[in-house]
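Trainee: Here's a structure for you.
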Amino acid sequence: MTRKTRRLIIIAGLGSILAFAVGLVLYALNDSIVFFYGPTEVIEKKINVGARLRIGGLVKVGSVVRSSDRMVEFVVGDGNNEIVIHYKGLLPDLFREGQGIVAEGRLEAGQRFAADSVLAKHDENYMPREVADSLKKQGHWQGETKP
């Protein structure tokens with residue numbers, strides 16, 4: 001066997017090992033590669049309490065409750081299910097009832113969510129694509145055809 005043949009065999013072997021490792025990583029992260037979950041997906045997938053994730057949806061009108069210690073509690077829904085989110089801190093200036101948000105934090109028992117950060121849409125005509133797609137998929141989209 002020549003050096004060139006031996007070198008090609010080693011390179012091919014290392015390449016196949018690398019491809020196998022990448023395949024395993026992608027398979028393991030299959031459910032984790034998500035921008036956010038809607039309330040219905042969180043309930044249907046039975047995500048473990050304490051899991052770190054993002055939840056997106058529309059803030060329910062009349063659900064925002066602010067307390068004196070900068071604690072805010074509100075309900076986010078997707079038309080089918082709702083999750084109560086509590087957040088300590090300042091909300092974005094564009095946070096309003098009836099509009100799309102994405103909150104990042106940890107899931108708690110009883111369909112509650114402790115948010116570390118809250119992202120709101122940036123103008124009247126924009127909604128995060130993931131939120132709009134989720135609402136369209138469930139038949140609750142009432143906006144324009146292009147989110």
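Going through the structure tokens in order, the chains are called A, B, and so on, while each chain numbers its residues from 1 and the ligands are numbered from 1 in the order shown.
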Mind listing the strand (DSSP E or B) residues of segment 18-145 of chain A, per DSSP on the backbone, as an mmCIF file with N, CA and C atoms, in the first residue's frame?
Mentor:
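Result went into selection_4.cif, see below:
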```
data_model
loop_
_atom_site.group_PDB
_atom_site.id
_atom_site.type_symbol
_atom_site.label_atom_id
_atom_site.label_comp_id
_atom_site.auth_asym_id
_atom_site.auth_seq_id
_atom_site.Cartn_x
_atom_site.Cartn_y
_atom_site.Cartn_z
ATOM 1 N N TYR A 37 -41.573 28.332 21.825
ATOM 2 C CA TYR A 37 -42.743 27.463 21.846
ATOM 3 C C TYR A 37 -43.971 28.320 22.115
ATOM 4 N N ARG A 52 -35.488 25.427 30.626
ATOM 5 C CA ARG A 52 -35.246 26.782 30.105
ATOM 6 C C ARG A 52 -35.687 26.818 28.642
ATOM 7 N N LEU A 53 -36.548 27.790 28.298
ATOM 8 C CA LEU A 53 -37.051 27.891 26.941
ATOM 9 C C LEU A 53 -37.605 29.280 26.682
ATOM 10 N N ARG A 54 -38.067 29.479 25.466
ATOM 11 C CA ARG A 54 -38.730 30.720 25.074
ATOM 12 C C ARG A 54 -40.183 30.418 24.763
ATOM 13 N N ILE A 55 -41.064 31.322 25.209
ATOM 14 C CA ILE A 55 -42.489 31.185 24.943
ATOM 15 C C ILE A 55 -42.942 32.432 24.202
ATOM 16 N N GLY A 56 -43.714 32.244 23.144
ATOM 17 C CA GLY A 56 -44.204 33.376 22.372
ATOM 18 C C GLY A 56 -45.693 33.307 22.185
ATOM 19 N N GLY A 57 -46.307 34.453 22.007
ATOM 20 C CA GLY A 57 -47.730 34.511 21.759
ATOM 21 C C GLY A 57 -48.231 35.929 21.924
ATOM 22 N N LEU A 58 -49.541 36.058 22.025
ATOM 23 C CA LEU A 58 -50.173 37.367 22.180
ATOM 24 C C LEU A 58 -50.508 37.614 23.648
ATOM 25 N N VAL A 59 -50.221 38.834 24.123
ATOM 26 C CA VAL A 59 -50.556 39.213 25.493
ATOM 27 C C VAL A 59 -52.071 39.398 25.572
ATOM 28 N N VAL A 65 -50.852 42.769 35.169
ATOM 29 C CA VAL A 65 -50.963 43.223 36.551
ATOM 30 C C VAL A 65 -49.569 43.649 37.001
ATOM 31 N N ARG A 66 -49.432 44.911 37.378
ATOM 32 C CA ARG A 66 -48.137 45.447 37.822
ATOM 33 C C ARG A 66 -48.184 45.652 39.330
ATOM 34 N N MET A 71 -42.584 44.014 39.656
ATOM 35 C CA MET A 71 -43.035 42.686 39.243
ATOM 36 C C MET A 71 -44.257 42.855 38.353
ATOM 37 N N VAL A 72 -44.228 42.180 37.205
ATOM 38 C CA VAL A 72 -45.338 42.254 36.255
ATOM 39 C C VAL A 72 -45.798 40.828 35.975
ATOM 40 N N GLU A 73 -47.093 40.643 35.957
ATOM 41 C CA GLU A 73 -47.652 39.332 35.626
ATOM 42 C C GLU A 73 -48.660 39.544 34.503
ATOM 43 N N PHE A 74 -48.605 38.682 33.497
ATOM 44 C CA PHE A 74 -49.523 38.783 32.369
ATOM 45 C C PHE A 74 -49.733 37.405 31.775
ATOM 46 N N VAL A 75 -50.748 37.293 30.940
ATOM 47 C CA VAL A 75 -51.103 36.024 30.318
ATOM 48 C C VAL A 75 -50.772 36.100 28.830
ATOM 49 N N VAL A 76 -50.110 35.054 28.333
ATOM 50 C CA VAL A 76 -49.802 34.949 26.910
ATOM 51 C C VAL A 76 -50.575 33.760 26.357
ATOM 52 N N GLY A 77 -51.246 33.983 25.242
ATOM 53 C CA GLY A 77 -52.030 32.914 24.643
ATOM 54 C C GLY A 77 -51.804 32.827 23.153
ATOM 55 N N GLU A 82 -53.325 29.156 27.264
ATOM 56 C CA GLU A 82 -52.694 30.337 27.832
ATOM 57 C C GLU A 82 -51.711 29.932 28.910
ATOM 58 N N ILE A 83 -50.685 30.766 29.086
ATOM 59 C CA ILE A 83 -49.686 30.556 30.143
ATOM 60 C C ILE A 83 -49.489 31.884 30.855
ATOM 61 N N VAL A 84 -49.438 31.825 32.193
ATOM 62 C CA VAL A 84 -49.206 33.017 32.999
ATOM 63 C C VAL A 84 -47.697 33.236 33.089
ATOM 64 N N ILE A 85 -47.269 34.436 32.756
ATOM 65 C CA ILE A 85 -45.850 34.784 32.805
ATOM 66 C C ILE A 85 -45.657 35.856 33.861
ATOM 67 N N HIS A 86 -44.645 35.661 34.715
ATOM 68 C CA HIS A 86 -44.301 36.731 35.644
ATOM 69 C C HIS A 86 -42.856 37.124 35.392
ATOM 70 N N TYR A 87 -42.629 38.433 35.478
ATOM 71 C CA TYR A 87 -41.342 39.009 35.106
ATOM 72 C C TYR A 87 -41.026 40.145 36.059
ATOM 73 N N LYS A 88 -39.796 40.181 36.559
ATOM 74 C CA LYS A 88 -39.378 41.273 37.429
ATOM 75 C C LYS A 88 -38.394 42.131 36.666
ATOM 76 N N GLY A 100 -47.869 40.739 20.097
ATOM 77 C CA GLY A 100 -46.979 39.596 20.195
ATOM 78 C C GLY A 100 -45.730 39.884 20.996
ATOM 79 N N ILE A 101 -45.340 38.902 21.817
ATOM 80 C CA ILE A 101 -44.101 38.980 22.581
ATOM 81 C C ILE A 101 -43.420 37.616 22.560
ATOM 82 N N VAL A 102 -42.153 37.601 22.914
ATOM 83 C CA VAL A 102 -41.417 36.374 23.162
ATOM 84 C C VAL A 102 -40.722 36.554 24.497
ATOM 85 N N ALA A 103 -40.950 35.636 25.437
ATOM 86 C CA ALA A 103 -40.340 35.702 26.769
ATOM 87 C C ALA A 103 -39.390 34.518 26.937
ATOM 88 N N GLU A 104 -38.248 34.778 27.546
ATOM 89 C CA GLU A 104 -37.258 33.726 27.790
ATOM 90 C C GLU A 104 -37.124 33.528 29.289
ATOM 91 N N GLY A 105 -37.124 32.264 29.714
ATOM 92 C CA GLY A 105 -37.004 31.973 31.142
ATOM 93 C C GLY A 105 -37.203 30.502 31.428
ATOM 94 N N ARG A 106 -37.781 30.214 32.609
ATOM 95 C CA ARG A 106 -37.966 28.834 33.054
ATOM 96 C C ARG A 106 -39.440 28.529 33.297
ATOM 97 N N LEU A 107 -39.817 27.311 32.932
ATOM 98 C CA LEU A 107 -41.187 26.841 33.115
ATOM 99 C C LEU A 107 -41.388 26.446 34.570
ATOM 100 N N GLU A 108 -42.532 26.830 35.132
ATOM 101 C CA GLU A 108 -42.880 26.477 36.503
ATOM 102 C C GLU A 108 -44.132 25.617 36.487
ATOM 103 N N ARG A 112 -47.271 28.103 34.588
ATOM 104 C CA ARG A 112 -46.691 29.407 34.898
ATOM 105 C C ARG A 112 -45.278 29.443 34.344
ATOM 106 N N PHE A 113 -44.796 30.651 34.098
ATOM 107 C CA PHE A 113 -43.492 30.828 33.469
ATOM 108 C C PHE A 113 -42.788 32.010 34.124
ATOM 109 N N ALA A 114 -41.562 31.799 34.596
ATOM 110 C CA ALA A 114 -40.750 32.866 35.192
ATOM 111 C C ALA A 114 -39.812 33.393 34.116
ATOM 112 N N ALA A 115 -40.063 34.601 33.639
ATOM 113 C CA ALA A 115 -39.289 35.162 32.530
ATOM 114 C C ALA A 115 -38.071 35.932 33.038
ATOM 115 N N ASP A 116 -36.951 35.761 32.327
ATOM 116 C CA ASP A 116 -35.739 36.550 32.565
ATOM 117 C C ASP A 116 -35.730 37.781 31.675
ATOM 118 N N SER A 117 -36.284 37.632 30.473
ATOM 119 C CA SER A 117 -36.323 38.738 29.517
ATOM 120 C C SER A 117 -37.607 38.647 28.699
ATOM 121 N N VAL A 118 -38.058 39.808 28.253
ATOM 122 C CA VAL A 118 -39.269 39.895 27.439
ATOM 123 C C VAL A 118 -38.945 40.747 26.219
ATOM 124 N N LEU A 119 -39.246 40.221 25.038
ATOM 125 C CA LEU A 119 -39.027 40.938 23.784
ATOM 126 C C LEU A 119 -40.384 41.288 23.191
ATOM 127 N N ALA A 120 -40.528 42.531 22.761
ATOM 128 C CA ALA A 120 -41.796 42.976 22.166
ATOM 129 C C ALA A 120 -41.563 43.385 20.730
#
```
Trainee: Running DSSP on the backbone, which parts of chain A land in helix (DSSP H, G or I), as number ranges by chain?
Mentor: A: 3-28, 39-45, 129-137
Trainee: Selected residues, N, CA and C atoms, written as a compact mmCIF listing (two decimals), in the first residue's frame, please.
Mentor:
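Written file, result_22.txt:
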```
# COMPACT_ATOMS: atom_id res chain seq x y z
N ARG A 3 1.88 5.39 0.25
CA ARG A 3 1.57 6.43 1.23
C ARG A 3 0.32 7.22 0.84
N LYS A 4 0.15 7.46 -0.44
CA LYS A 4 -1.01 8.21 -0.92
C LYS A 4 -2.31 7.45 -0.62
N THR A 5 -2.34 6.17 -0.83
CA THR A 5 -3.52 5.35 -0.56
C THR A 5 -3.82 5.31 0.93
N ARG A 6 -2.76 5.15 1.73
CA ARG A 6 -2.92 5.11 3.18
C ARG A 6 -3.47 6.45 3.69
N ARG A 7 -2.96 7.54 3.16
CA ARG A 7 -3.41 8.88 3.55
C ARG A 7 -4.89 9.07 3.19
N LEU A 8 -5.32 8.64 2.01
CA LEU A 8 -6.72 8.75 1.60
C LEU A 8 -7.64 7.92 2.50
N ILE A 9 -7.18 6.74 2.89
CA ILE A 9 -7.98 5.89 3.79
C ILE A 9 -8.14 6.56 5.15
N ILE A 10 -7.07 7.15 5.66
CA ILE A 10 -7.14 7.83 6.96
C ILE A 10 -8.07 9.04 6.88
N ILE A 11 -7.96 9.83 5.83
CA ILE A 11 -8.82 11.01 5.66
C ILE A 11 -10.28 10.59 5.53
N ALA A 12 -10.56 9.56 4.76
CA ALA A 12 -11.93 9.07 4.61
C ALA A 12 -12.48 8.56 5.94
N GLY A 13 -11.66 7.85 6.72
CA GLY A 13 -12.09 7.35 8.03
C GLY A 13 -12.40 8.49 8.99
N LEU A 14 -11.54 9.49 9.05
CA LEU A 14 -11.77 10.63 9.92
C LEU A 14 -13.00 11.43 9.48
N GLY A 15 -13.18 11.55 8.18
CA GLY A 15 -14.36 12.26 7.67
C GLY A 15 -15.65 11.54 8.05
N SER A 16 -15.67 10.23 7.95
CA SER A 16 -16.88 9.49 8.31
C SER A 16 -17.14 9.54 9.82
N ILE A 17 -16.09 9.53 10.63
CA ILE A 17 -16.26 9.67 12.09
C ILE A 17 -16.82 11.05 12.41
N LEU A 18 -16.30 12.08 11.76
CA LEU A 18 -16.79 13.44 11.97
C LEU A 18 -18.26 13.56 11.55
N ALA A 19 -18.61 12.99 10.41
CA ALA A 19 -20.00 13.04 9.94
C ALA A 19 -20.93 12.32 10.91
N PHE A 20 -20.50 11.19 11.45
CA PHE A 20 -21.28 10.44 12.43
C PHE A 20 -21.49 11.28 13.70
N ALA A 21 -20.43 11.95 14.17
CA ALA A 21 -20.52 12.77 15.38
C ALA A 21 -21.47 13.95 15.17
N VAL A 22 -21.39 14.60 14.02
CA VAL A 22 -22.29 15.72 13.71
C VAL A 22 -23.73 15.23 13.65
N GLY A 23 -23.95 14.07 13.06
CA GLY A 23 -25.29 13.49 13.01
C GLY A 23 -25.85 13.21 14.39
N LEU A 24 -25.03 12.69 15.29
CA LEU A 24 -25.48 12.43 16.66
C LEU A 24 -25.84 13.73 17.38
N VAL A 25 -25.03 14.76 17.22
CA VAL A 25 -25.31 16.04 17.87
C VAL A 25 -26.61 16.63 17.34
N LEU A 26 -26.82 16.62 16.03
CA LEU A 26 -28.05 17.16 15.46
C LEU A 26 -29.27 16.37 15.92
N TYR A 27 -29.14 15.06 16.03
CA TYR A 27 -30.25 14.23 16.51
C TYR A 27 -30.57 14.57 17.97
N ALA A 28 -29.54 14.76 18.79
CA ALA A 28 -29.75 15.06 20.21
C ALA A 28 -30.39 16.44 20.39
N PRO A 39 -47.91 28.49 23.76
CA PRO A 39 -48.52 27.86 24.93
C PRO A 39 -49.07 26.46 24.65
N THR A 40 -49.68 26.26 23.49
CA THR A 40 -50.22 24.94 23.16
C THR A 40 -49.11 23.91 23.03
N GLU A 41 -48.00 24.29 22.40
CA GLU A 41 -46.88 23.35 22.26
C GLU A 41 -46.28 22.99 23.60
N VAL A 42 -46.19 23.94 24.52
CA VAL A 42 -45.65 23.67 25.85
C VAL A 42 -46.51 22.65 26.57
N ILE A 43 -47.81 22.80 26.46
CA ILE A 43 -48.73 21.89 27.15
C ILE A 43 -48.74 20.52 26.47
N GLU A 44 -48.78 20.48 25.13
CA GLU A 44 -48.85 19.21 24.41
C GLU A 44 -47.56 18.40 24.55
N LYS A 45 -46.40 19.06 24.54
CA LYS A 45 -45.13 18.36 24.62
C LYS A 45 -44.77 17.97 26.04
N ARG A 129 -41.87 36.51 13.19
CA ARG A 129 -42.33 35.55 12.20
C ARG A 129 -42.80 34.26 12.86
N GLU A 130 -42.10 33.82 13.91
CA GLU A 130 -42.46 32.58 14.57
C GLU A 130 -43.85 32.69 15.22
N VAL A 131 -44.13 33.85 15.83
CA VAL A 131 -45.44 34.06 16.45
C VAL A 131 -46.53 34.04 15.38
N ALA A 132 -46.29 34.77 14.29
CA ALA A 132 -47.28 34.82 13.20
C ALA A 132 -47.51 33.45 12.59
N ASP A 133 -46.43 32.70 12.35
CA ASP A 133 -46.58 31.35 11.79
C ASP A 133 -47.36 30.44 12.72
N SER A 134 -47.08 30.54 14.02
CA SER A 134 -47.80 29.72 15.00
C SER A 134 -49.29 30.06 15.00
N LEU A 135 -49.61 31.37 14.96
CA LEU A 135 -51.02 31.77 14.94
C LEU A 135 -51.71 31.34 13.65
N LYS A 136 -51.00 31.44 12.53
CA LYS A 136 -51.58 31.00 11.25
C LYS A 136 -51.85 29.51 11.27
N LYS A 137 -50.90 28.75 11.82
CA LYS A 137 -51.02 27.29 11.85
C LYS A 137 -52.24 26.86 12.66
```
Trainee: Point out the residue among A:Phe36, A:Ala51, A:Lys60, A:Leu29 with the least atom-to-atom distance to Asn81 of chain A, counting only C-alpha atoms.
Mentor: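 The answer is A:Lys60, which sits nearest to Asn81 of chain A.
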